[in-house]
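Asker: Got a file for you: upload.cif, mmCIF, C-alpha atoms (C1' of nucleotides).
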data_final
loop_
_atom_site.label_atom_id
_atom_site.label_comp_id
_atom_site.auth_asym_id
_atom_site.auth_seq_id
_atom_site.Cartn_x
_atom_site.Cartn_y
_atom_site.Cartn_z
CA MET A 1 22.11 -6.81 -6.75
CA LYS A 2 19.14 -4.55 -7.32
CA LEU A 3 16.32 -4.59 -4.76
CA ALA A 4 12.93 -2.97 -5.15
CA THR A 5 9.61 -2.63 -3.38
CA TRP A 6 6.27 -1.64 -4.86
CA ASN A 7 2.75 -1.50 -3.48
CA VAL A 8 0.88 -2.40 -6.67
CA ASN A 9 -2.66 -1.89 -5.30
CA SER A 10 -4.13 -4.96 -7.05
CA LEU A 11 -1.74 -7.29 -8.85
CA LYS A 12 -4.51 -8.24 -11.25
CA VAL A 13 -4.98 -4.68 -12.47
CA ARG A 14 -1.29 -3.76 -12.32
CA LEU A 15 0.21 -6.90 -13.87
CA PRO A 16 0.95 -5.19 -17.23
CA HIS A 17 2.68 -2.31 -15.43
CA LEU A 18 4.65 -4.74 -13.30
CA LEU A 19 5.81 -6.83 -16.27
CA ASP A 20 6.84 -3.70 -18.18
CA TRP A 21 8.70 -2.37 -15.18
CA LEU A 22 10.52 -5.69 -14.56
CA ALA A 23 11.66 -5.71 -18.19
CA ALA A 24 12.85 -2.09 -18.02
CA ALA A 25 14.33 -1.87 -14.52
CA LYS A 26 15.53 -5.49 -14.26
CA PRO A 27 15.55 -5.74 -10.46
CA ASP A 28 16.99 -8.95 -9.02
CA VAL A 29 14.39 -8.88 -6.27
CA ILE A 30 11.11 -7.03 -5.92
CA CYS A 31 8.78 -7.08 -2.94
CA LEU A 32 5.11 -6.47 -3.73
CA GLN A 33 2.28 -5.38 -1.47
CA GLU A 34 -1.49 -5.15 -1.75
CA LEU A 35 -1.84 -8.02 -4.19
CA LYS A 36 -5.57 -8.14 -3.37
CA LEU A 37 -5.88 -11.65 -4.73
CA GLU A 38 -5.91 -15.22 -3.48
CA ASP A 39 -2.89 -17.48 -3.98
CA ALA A 40 -4.90 -19.52 -6.48
CA LYS A 41 -5.15 -16.43 -8.67
CA PHE A 42 -1.49 -15.46 -8.47
CA PRO A 43 -0.21 -14.89 -12.04
CA ARG A 44 2.61 -17.40 -11.71
CA ALA A 45 2.95 -18.18 -15.41
CA GLU A 46 3.37 -14.52 -16.42
CA ILE A 47 5.85 -13.87 -13.61
CA GLU A 48 7.90 -16.94 -14.50
CA ALA A 49 7.85 -16.05 -18.18
CA ALA A 50 9.37 -12.72 -17.15
CA GLY A 51 12.24 -14.64 -15.53
CA TYR A 52 11.20 -14.46 -11.88
CA ARG A 53 10.54 -17.00 -9.20
CA ALA A 54 7.88 -16.05 -6.68
CA ALA A 55 6.92 -16.62 -3.06
CA HIS A 56 3.53 -15.18 -2.24
CA LEU A 57 0.99 -14.89 0.53
CA GLY A 58 -2.31 -13.85 -0.96
CA GLN A 59 -5.67 -12.78 0.42
CA LYS A 60 -8.94 -12.03 -1.30
CA THR A 61 -9.71 -8.31 -1.73
CA TYR A 62 -7.24 -7.02 0.85
CA ASN A 63 -3.53 -7.07 1.68
CA GLY A 64 -1.34 -9.81 0.19
CA VAL A 65 2.44 -9.75 -0.26
CA ALA A 66 4.99 -11.40 -2.55
CA ILE A 67 8.71 -11.65 -3.19
CA LEU A 68 9.78 -12.02 -6.82
CA SER A 69 13.38 -13.00 -7.50
CA ARG A 70 15.68 -13.85 -10.38
CA LEU A 71 17.71 -15.84 -7.85
CA GLU A 72 16.71 -19.08 -6.20
CA ILE A 73 14.38 -18.59 -3.24
CA ALA A 74 14.76 -20.61 -0.01
CA GLU A 75 13.42 -20.66 3.56
CA VAL A 76 10.11 -18.96 2.81
CA ALA A 77 8.24 -17.89 5.95
CA THR A 78 4.90 -16.13 6.21
CA GLY A 79 3.35 -13.90 8.84
CA ILE A 80 4.90 -12.91 12.17
CA PRO A 81 5.48 -15.97 14.39
CA GLY A 82 3.52 -15.69 17.61
CA PHE A 83 1.34 -12.87 16.29
CA ALA A 84 -2.01 -14.30 15.24
CA ASP A 85 -3.28 -12.27 12.31
CA GLU A 86 -5.84 -12.94 9.59
CA GLN A 87 -4.30 -10.20 7.50
CA LYS A 88 -1.64 -11.31 5.05
CA ARG A 89 1.08 -8.71 5.50
CA VAL A 90 4.48 -10.40 5.87
CA ILE A 91 6.56 -12.81 3.80
CA ALA A 92 10.26 -13.55 4.12
CA ALA A 93 12.75 -15.56 2.10
CA THR A 94 16.48 -16.17 1.78
CA LEU A 95 18.12 -15.44 -1.56
CA GLY A 96 21.50 -14.30 -2.79
CA GLY A 97 22.91 -14.75 0.71
CA ALA A 98 20.48 -12.26 2.21
CA ARG A 99 17.30 -12.52 4.22
CA ILE A 100 14.54 -10.54 2.49
CA VAL A 101 11.54 -9.49 4.59
CA CYS A 102 8.61 -7.98 2.70
CA VAL A 103 6.03 -6.08 4.74
CA TYR A 104 2.74 -4.33 4.20
CA CYS A 105 2.37 -2.42 7.44
CA PRO A 106 -1.17 -1.56 8.56
CA ASN A 107 -2.87 1.73 7.91
CA GLY A 108 -3.88 3.13 11.28
CA GLN A 109 -6.91 4.89 9.74
CA ALA A 110 -7.24 7.47 12.53
CA VAL A 111 -5.18 8.16 15.64
CA GLY A 112 -6.80 6.43 18.61
CA SER A 113 -8.96 4.11 16.50
CA GLU A 114 -9.01 0.35 16.86
CA LYS A 115 -6.97 0.04 13.66
CA TYR A 116 -4.43 2.48 15.06
CA GLU A 117 -3.99 0.37 18.17
CA TYR A 118 -3.66 -2.71 15.96
CA THR A 119 -0.99 -0.89 13.92
CA LEU A 120 1.10 -0.13 17.00
CA ARG A 121 0.76 -3.71 18.29
CA TRP A 122 1.69 -4.96 14.84
CA PHE A 123 4.84 -2.80 14.71
CA ALA A 124 5.91 -4.05 18.16
CA ALA A 125 5.52 -7.65 16.95
CA LEU A 126 7.39 -6.87 13.73
CA ARG A 127 10.28 -5.43 15.71
CA GLU A 128 10.62 -8.61 17.77
CA TYR A 129 10.40 -10.72 14.63
CA VAL A 130 13.05 -8.72 12.76
CA ALA A 131 15.33 -8.79 15.81
CA ALA A 132 15.11 -12.60 15.83
CA GLU A 133 15.67 -12.80 12.08
CA LEU A 134 18.72 -10.54 12.33
CA SER A 135 20.31 -12.81 14.90
CA ARG A 136 20.14 -15.67 12.38
CA HIS A 137 20.71 -13.60 9.23
CA PRO A 138 23.12 -10.66 9.65
CA SER A 139 22.53 -9.69 6.00
CA LEU A 140 18.89 -8.64 6.07
CA ALA A 141 16.74 -6.26 4.03
CA LEU A 142 13.35 -5.12 5.27
CA LEU A 143 11.36 -3.72 2.37
CA GLY A 144 7.83 -2.57 1.93
CA ASP A 145 5.00 -0.17 2.49
CA PHE A 146 5.48 0.99 6.08
CA ASN A 147 2.62 3.48 6.01
CA VAL A 148 4.85 5.82 8.02
CA ALA A 149 6.51 9.00 6.75
CA PRO A 150 9.53 9.05 9.08
CA GLU A 151 10.27 12.77 9.00
CA ASP A 152 8.54 16.00 8.03
CA ARG A 153 10.62 16.21 4.85
CA ASP A 154 8.91 12.98 3.80
CA VAL A 155 5.57 14.80 3.84
CA HIS A 156 4.39 17.30 1.20
CA ASP A 157 2.52 19.44 3.72
CA PRO A 158 3.69 18.67 7.26
CA LYS A 159 1.36 21.25 8.79
CA ALA A 160 -1.73 19.77 7.17
CA TRP A 161 -0.66 16.28 8.19
CA GLU A 162 0.44 17.13 11.72
CA GLY A 163 -0.71 14.49 14.21
CA GLN A 164 -2.46 12.39 11.53
CA VAL A 165 -1.89 8.73 10.81
CA HIS A 166 1.33 8.06 8.86
CA VAL A 167 3.13 10.86 10.70
CA SER A 168 1.95 10.58 14.31
CA GLU A 169 4.71 10.37 16.88
CA PRO A 170 3.85 6.83 18.10
CA GLU A 171 4.01 5.55 14.51
CA ARG A 172 7.30 7.34 13.88
CA THR A 173 8.68 5.98 17.14
CA ALA A 174 7.65 2.48 16.06
CA TRP A 175 9.39 3.01 12.71
CA ARG A 176 12.56 4.29 14.39
CA ALA A 177 12.51 1.27 16.71
CA LEU A 178 13.25 -0.80 13.58
CA LEU A 179 16.35 1.32 12.92
CA GLU A 180 17.44 0.73 16.50
CA LEU A 181 17.88 -2.93 15.55
CA GLY A 182 20.73 -1.76 13.34
CA LEU A 183 18.82 -1.18 10.11
CA LYS A 184 19.44 1.84 7.92
CA ASP A 185 17.15 3.74 5.55
CA ARG A 186 19.77 4.27 2.85
CA PHE A 187 17.56 6.67 0.91
CA ARG A 188 18.71 9.57 3.05
CA LEU A 189 22.41 8.83 2.77
CA PHE A 190 22.39 9.83 -0.89
CA GLU A 191 21.67 13.17 -2.51
CA GLN A 192 17.93 13.18 -3.23
CA PRO A 193 15.62 15.56 -5.04
CA GLU A 194 13.61 17.85 -2.79
CA LYS A 195 10.13 16.54 -2.06
CA SER A 196 10.76 12.88 -2.89
CA TYR A 197 7.70 10.75 -2.24
CA SER A 198 6.58 7.19 -2.98
CA TRP A 199 2.79 7.60 -2.68
CA TRP A 200 0.34 10.21 -3.97
CA ASP A 201 -3.40 10.38 -3.33
CA TYR A 202 -5.53 9.53 -6.36
CA ARG A 203 -7.77 12.45 -5.47
CA MET A 204 -7.22 16.13 -6.04
CA MET A 205 -4.52 15.50 -8.65
CA GLY A 206 -2.17 14.46 -5.88
CA PHE A 207 0.57 13.32 -8.24
CA ARG A 208 0.48 16.40 -10.47
CA ARG A 209 0.70 18.60 -7.38
CA ASN A 210 3.38 16.28 -5.93
CA ALA A 211 1.20 16.09 -2.84
CA GLY A 212 2.74 12.87 -1.57
CA LEU A 213 4.29 10.94 1.28
CA ARG A 214 7.46 8.83 1.41
CA ILE A 215 5.97 5.80 3.12
CA ASP A 216 7.67 3.01 1.14
CA GLN A 217 11.19 2.23 2.26
CA ILE A 218 14.10 -0.19 2.05
CA LEU A 219 15.88 -0.77 5.36
CA LEU A 220 19.23 -2.58 5.31
CA SER A 221 21.29 -4.23 8.01
CA ALA A 222 24.94 -3.15 8.32
CA PRO A 223 26.52 -5.68 5.91
CA LEU A 224 24.04 -4.77 3.17
CA ALA A 225 24.02 -1.05 3.97
CA ALA A 226 27.79 -1.04 3.43
CA ARG A 227 27.23 -2.42 -0.09
CA CYS A 228 24.51 0.07 -1.02
CA THR A 229 25.61 2.32 -3.89
CA ALA A 230 22.34 4.05 -4.75
CA SER A 231 18.76 4.42 -3.56
CA THR A 232 16.09 5.94 -5.76
CA ILE A 233 12.37 6.32 -6.32
CA ASP A 234 11.16 5.60 -9.85
CA LYS A 235 8.21 7.90 -10.52
CA GLU A 236 7.66 6.68 -14.09
CA PRO A 237 5.03 3.99 -13.31
CA ARG A 238 2.96 6.57 -11.45
CA LYS A 239 2.63 8.54 -14.72
CA LEU A 240 0.97 5.67 -16.62
CA GLU A 241 -2.73 5.21 -17.31
CA ARG A 242 -4.49 3.58 -14.38
CA PRO A 243 -1.46 3.56 -12.06
CA SER A 244 -1.00 2.26 -8.56
CA ASP A 245 -1.05 5.11 -6.05
CA HIS A 246 2.46 3.97 -5.00
CA THR A 247 5.59 3.86 -7.14
CA PRO A 248 8.68 1.60 -6.93
CA VAL A 249 11.52 2.31 -4.52
CA VAL A 250 14.88 0.89 -5.58
CA CYS A 251 18.20 0.10 -3.94
CA GLU A 252 21.44 -0.98 -5.65
CA LEU A 253 23.97 -3.19 -3.88
CA SER A 254 27.52 -3.74 -5.09
"C1'" DA B 255 -14.95 22.35 1.85
"C1'" DT B 256 -13.46 16.35 6.01
"C1'" DG B 257 -14.75 15.55 -0.02
"C1'" DG B 258 -12.31 14.86 -3.87
"C1'" DC B 259 -10.08 8.58 -6.60
"C1'" DT B 260 -9.55 3.59 -7.18
"C1'" DA B 261 -10.33 -1.46 -6.39
"C1'" DC B 262 -13.28 -4.84 -4.84
"C1'" DG B 263 -17.36 -7.52 -4.27
"C1'" DA B 264 -21.30 -6.87 -3.93
"C1'" DT B 265 -25.03 -4.35 -6.95
"C1'" DC B 266 -27.12 0.20 -8.79
"C1'" DC B 267 -23.77 1.27 -2.82
"C1'" DG B 268 -20.48 0.09 1.12
"C1'" DT B 269 -15.73 -0.80 2.68
"C1'" DA B 270 -11.07 0.23 2.53
"C1'" DG B 271 -7.04 2.45 1.31
"C1'" DA B 272 -3.66 6.67 2.72
#
Starting from the file, give its structure as structure tokens.
Answerer:
Amino acid sequence: MKLATWNVNSLKVRLPHLLDWLAAAKPDVICLQELKLEDAKFPRAEIEAAGYRAAHLGQKTYNGVAILSRLEIAEVATGIPGFADEQKRVIAATLGGARIVCVYCPNGQAVGSEKYEYTLRWFAALREYVAAELSRHPSLALLGDFNVAPEDRDVHDPKAWEGQVHVSEPERTAWRALLELGLKDRFRLFEQPEKSYSWWDYRMMGFRRNAGLRIDQILLSAPLAARCTASTIDKEPRKLERPSDHTPVVCELS
DNA sequence: ATGGCTACGATCCGTAGA
């Protein structure tokens, strides 16, 4: 089984890239973030024609998440139970014997800001939610845009970023708290190219300079982590005309 | 140099992303 996650930064604009990538990479499951469209405008027909079922939670202009799957989708759940939130950031579903949780974690904007406090509250709620899901579904994958670069080697210029959002210690602690539930970021258990990132700023030729962050991840519970044979970042879509600022992260399970 | 792109929904600029 091949799992992927991709922040498409507008599904409307990126649909051709997505369809091309699905045809080329053939993932069994892909989690999408930043759809930036309402459910009524979800391109269901195109996705189905590509051979995928979809569960989606859309929102106009901002946020929005979806799970696309070649396998049958069951037990779809949206949001974080008990955490009232207008922002559409979480969708979960059961497929292929695994619980798939797709997340678009908040951008804290600036350390100490209201959005930063919201981000930390949101992560605390996510942790409780994932803990509960794990108790019911031992085989669980948490995929998405976490907006956290877990370590300095996930940052192109750690000095320049020191103390900023995406790398601040409270955010990294919140990210590690997810691992404490028993999840593993398999990316680091395989040989990886130096300076591997999943996001590059549109400005200042960020991609050409490889000035990026590894903020998109796939976290696996023990039964799935044991089946993981490869974890990669596919930079090809970031090279296309009018790309998303993120690129797909992929995980292969035996 | 605190900006620099890009998407969106509203205009002919503001908000947000990261």
Asker: Report as a list of chain:residue names all protein, DNA and RNA residues lying within 9 Å of stretch 258-269 of chain B, evaluated on only C-alpha atoms (C1' of nucleotides), omitting residues in the same chain fewer than 6 positions from it.
Answerer: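 The neighbour list is A:Asn9, A:Ser10, A:Val13, A:Lys36, A:Thr61, A:Tyr62, A:Asp201, A:Tyr202, A:Arg203, A:Met204, A:Arg242, A:Ser244, A:Asp245.
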Asker: Report, as AutoDock Vina command-line options, the centre and edge lengths in Å (one decimal) of the axis-aligned box enclosing every listed atom of stretch 102-121 of chain A, padded by 5 Å on each side.
Answerer:
--center_x -0.2 --center_y 0.1 --center_z 10.7 --size_x 27.6 --size_y 26.1 --size_z 25.9
Asker: Evaluating the PyMOL selection byres ((chain A and resi 111) around 12) on the displayed file yields which residues, as a PyMOL selection string?
Answerer: chain A and resi 107-110+112-120+161-171
Asker: Using all atoms listed in the file, determine which residues lie at most 10 Å from A:Pro43, disregarding the query and same-chain residues fewer than 6 positions distant; provide the list as an MDAnalysis selection string.
Answerer: chainID A and resid 11:12 15 37 54
Asker: Produce a file of the selected residues containing C-alpha atoms, as a PDB file, keeping the file's coordinate frame.
Answerer:
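Result written to again-v6.pdb:
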ATOM      1  CA  LEU A  11      -1.740  -7.290  -8.850  1.00  0.00           C
ATOM      2  CA  LYS A  12      -4.510  -8.240 -11.250  1.00  0.00           C
ATOM      3  CA  LEU A  15       0.210  -6.900 -13.870  1.00  0.00           C
ATOM      4  CA  LEU A  37      -5.880 -11.650  -4.730  1.00  0.00           C
ATOM      5  CA  ALA A  54       7.880 -16.050  -6.680  1.00  0.00           C
TER       6      ALA A  54
END
Asker: Hey, can you pull every residue with an atom no more than 6 Å from (26.6, -1.6, -4.8), using all atoms listed in the file, and send it as a list in words?
Answerer: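 Every polymer residue passing the test: Arg227, Cys228, Thr229, Glu252, Leu253 and Ser254 of chain A.
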Asker: Could you save those same residues with C-alpha atoms as a short mmCIF file (atom, residue, chain, number, x, y, z; two decimals), keeping the file's coordinate frame?
Answerer:
data_model
loop_
_atom_site.label_atom_id
_atom_site.label_comp_id
_atom_site.auth_asym_id
_atom_site.auth_seq_id
_atom_site.Cartn_x
_atom_site.Cartn_y
_atom_site.Cartn_z
CA ARG A 227 27.23 -2.42 -0.09
CA CYS A 228 24.51 0.07 -1.02
CA THR A 229 25.61 2.32 -3.89
CA GLU A 252 21.44 -0.98 -5.65
CA LEU A 253 23.97 -3.19 -3.88
CA SER A 254 27.52 -3.74 -5.09
#
Asker: By how many Å are atom CA of A:Arg214 and atom CA of A:Asp145 apart?
Answerer: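 If I compute the distance from atom CA of A:Arg214 to atom CA of A:Asp145, I get 9.4 Å.
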Asker: Name all residues at most 8 Å from stretch 174-182 of chain A (count all atoms listed in the file; drop same-chain ones fewer than 2 positions away) and give them as a ChimeraX atom specification.
Answerer: /A:120,123-124,127,130-131,146,148,150,170-172,184-185,219,221-222
Asker: Smallest atom-to-atom distance to A:Ile215: which of A:Glu241, A:Glu151, A:Glu86, A:Glu75, using all atoms listed in the file?
Answerer: A:Glu151
Asker: Separation of atom CA of A:Val8 and atom CA of A:Ala55, in Å?
Answerer: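 These atoms are spaced 15.9 Å apart.
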Asker: Just how far from atom CA of A:Gln192 is atom CA of A:Pro158, in Å to one decimal?
Answerer: 18.5 Å
Asker: Rank nothing, just name the residue among A:Leu183, A:Leu213, A:Ile218, A:Ala225 nearest to chain B, using all atoms listed in the file.
Answerer: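 Going through A:Leu183, A:Leu213, A:Ile218, A:Ala225 one by one, the smallest distance to chain B is for A:Leu213.
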Asker: Which residues fall under the PyMOL selection byres ((chain A and resi 71) around 9) in this file, as a ChimeraX atom specification?
Answerer: /A:28-29,52-53,68-70,72-73,95-96
Asker: Let me make sure I understand: among A:Trp6, A:Asp20, A:Ala160, A:Asn63, which one has the smallest atom-to-atom distance to A:Ile47 if we use all atoms listed in the file?
Answerer: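 Closest to A:Ile47 of all the choices is A:Asp20.
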Asker: Translate the PyMOL selection byres ((chain A and resi 138) around 9) into a concrete residue list for this structure, as a list in words.
Answerer: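 Residues picked by the PyMOL selection byres ((chain A and resi 138) around 9): Ala98, Arg99, Glu133, Leu134, Ser135, Arg136, His137, Ser139, Leu140, Ser221, Ala222, Pro223 and Leu224 of chain A.
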Asker: Would you fill the gaps in stretch 188-213 of chain A so it has N, CA and C atoms, then print it as a PDB file, keeping the file's coordinate frame?
Answerer:
ATOM      1  N   ARG A 188      18.260   8.260   2.576  1.00  0.00           N
ATOM      2  CA  ARG A 188      18.710   9.570   3.050  1.00  0.00           C
ATOM      3  C   ARG A 188      20.223   9.729   3.095  1.00  0.00           C
ATOM      4  N   LEU A 189      20.953   8.690   2.765  1.00  0.00           N
ATOM      5  CA  LEU A 189      22.410   8.830   2.770  1.00  0.00           C
ATOM      6  C   LEU A 189      22.934   9.220   1.385  1.00  0.00           C
ATOM      7  N   PHE A 190      22.002   9.358   0.436  1.00  0.00           N
ATOM      8  CA  PHE A 190      22.390   9.830  -0.890  1.00  0.00           C
ATOM      9  C   PHE A 190      21.701  11.166  -1.159  1.00  0.00           C
ATOM     10  N   GLU A 191      22.291  11.917  -2.066  1.00  0.00           N
ATOM     11  CA  GLU A 191      21.670  13.170  -2.510  1.00  0.00           C
ATOM     12  C   GLU A 191      20.321  12.823  -3.140  1.00  0.00           C
ATOM     13  N   GLN A 192      19.260  13.469  -2.689  1.00  0.00           N
ATOM     14  CA  GLN A 192      17.930  13.180  -3.230  1.00  0.00           C
ATOM     15  C   GLN A 192      17.251  14.469  -3.671  1.00  0.00           C
ATOM     16  N   PRO A 193      16.392  14.378  -4.667  1.00  0.00           N
ATOM     17  CA  PRO A 193      15.620  15.560  -5.040  1.00  0.00           C
ATOM     18  C   PRO A 193      14.766  16.032  -3.860  1.00  0.00           C
ATOM     19  N   GLU A 194      14.545  17.322  -3.787  1.00  0.00           N
ATOM     20  CA  GLU A 194      13.610  17.850  -2.790  1.00  0.00           C
ATOM     21  C   GLU A 194      12.249  17.208  -3.023  1.00  0.00           C
ATOM     22  N   LYS A 195      11.502  17.033  -1.953  1.00  0.00           N
ATOM     23  CA  LYS A 195      10.130  16.540  -2.060  1.00  0.00           C
ATOM     24  C   LYS A 195      10.054  15.219  -2.821  1.00  0.00           C
ATOM     25  N   SER A 196      10.809  14.236  -2.331  1.00  0.00           N
ATOM     26  CA  SER A 196      10.760  12.880  -2.890  1.00  0.00           C
ATOM     27  C   SER A 196       9.725  12.062  -2.128  1.00  0.00           C
ATOM     28  N   TYR A 197       8.757  11.542  -2.864  1.00  0.00           N
ATOM     29  CA  TYR A 197       7.700  10.750  -2.240  1.00  0.00           C
ATOM     30  C   TYR A 197       7.521   9.436  -2.991  1.00  0.00           C
ATOM     31  N   SER A 198       6.824   8.490  -2.346  1.00  0.00           N
ATOM     32  CA  SER A 198       6.580   7.190  -2.980  1.00  0.00           C
ATOM     33  C   SER A 198       5.090   6.904  -3.149  1.00  0.00           C
ATOM     34  N   TRP A 199       4.257   7.753  -2.575  1.00  0.00           N
ATOM     35  CA  TRP A 199       2.790   7.600  -2.680  1.00  0.00           C
ATOM     36  C   TRP A 199       2.141   8.971  -2.882  1.00  0.00           C
ATOM     37  N   TRP A 200       1.115   8.984  -3.730  1.00  0.00           N
ATOM     38  CA  TRP A 200       0.340  10.210  -3.970  1.00  0.00           C
ATOM     39  C   TRP A 200      -1.135   9.837  -4.016  1.00  0.00           C
ATOM     40  N   ASP A 201      -1.945  10.612  -3.345  1.00  0.00           N
ATOM     41  CA  ASP A 201      -3.400  10.380  -3.330  1.00  0.00           C
ATOM     42  C   ASP A 201      -3.956  10.433  -4.754  1.00  0.00           C
ATOM     43  N   TYR A 202      -4.866   9.504  -5.053  1.00  0.00           N
ATOM     44  CA  TYR A 202      -5.530   9.530  -6.360  1.00  0.00           C
ATOM     45  C   TYR A 202      -6.353  10.799  -6.536  1.00  0.00           C
ATOM     46  N   ARG A 203      -6.840  11.322  -5.406  1.00  0.00           N
ATOM     47  CA  ARG A 203      -7.770  12.450  -5.470  1.00  0.00           C
ATOM     48  C   ARG A 203      -7.037  13.783  -5.585  1.00  0.00           C
ATOM     49  N   MET A 204      -7.747  14.761  -6.019  1.00  0.00           N
ATOM     50  CA  MET A 204      -7.220  16.130  -6.040  1.00  0.00           C
ATOM     51  C   MET A 204      -5.911  16.261  -6.803  1.00  0.00           C
ATOM     52  N   MET A 205      -5.741  15.441  -7.835  1.00  0.00           N
ATOM     53  CA  MET A 205      -4.520  15.500  -8.650  1.00  0.00           C
ATOM     54  C   MET A 205      -3.264  15.460  -7.786  1.00  0.00           C
ATOM     55  N   GLY A 206      -3.284  14.549  -6.829  1.00  0.00           N
ATOM     56  CA  GLY A 206      -2.170  14.460  -5.880  1.00  0.00           C
ATOM     57  C   GLY A 206      -0.810  14.337  -6.548  1.00  0.00           C
ATOM     58  N   PHE A 207      -0.734  13.534  -7.599  1.00  0.00           N
ATOM     59  CA  PHE A 207       0.570  13.320  -8.240  1.00  0.00           C
ATOM     60  C   PHE A 207       1.025  14.572  -8.991  1.00  0.00           C
ATOM     61  N   ARG A 208       0.119  15.182  -9.723  1.00  0.00           N
ATOM     62  CA  ARG A 208       0.480  16.400 -10.470  1.00  0.00           C
ATOM     63  C   ARG A 208       0.931  17.513  -9.551  1.00  0.00           C
ATOM     64  N   ARG A 209       0.329  17.570  -8.358  1.00  0.00           N
ATOM     65  CA  ARG A 209       0.700  18.600  -7.380  1.00  0.00           C
ATOM     66  C   ARG A 209       1.884  18.142  -6.521  1.00  0.00           C
ATOM     67  N   ASN A 210       2.346  16.913  -6.765  1.00  0.00           N
ATOM     68  CA  ASN A 210       3.380  16.280  -5.930  1.00  0.00           C
ATOM     69  C   ASN A 210       2.987  16.341  -4.452  1.00  0.00           C
ATOM     70  N   ALA A 211       1.705  16.129  -4.214  1.00  0.00           N
ATOM     71  CA  ALA A 211       1.200  16.090  -2.840  1.00  0.00           C
ATOM     72  C   ALA A 211       1.303  14.654  -2.354  1.00  0.00           C
ATOM     73  N   GLY A 212       2.508  14.269  -1.903  1.00  0.00           N
ATOM     74  CA  GLY A 212       2.740  12.870  -1.570  1.00  0.00           C
ATOM     75  C   GLY A 212       3.350  12.645  -0.201  1.00  0.00           C
ATOM     76  N   LEU A 213       3.621  11.375   0.054  1.00  0.00           N
ATOM     77  CA  LEU A 213       4.290  10.940   1.280  1.00  0.00           C
ATOM     78  C   LEU A 213       5.361   9.911   0.891  1.00  0.00           C
TER      79      LEU A 213
END
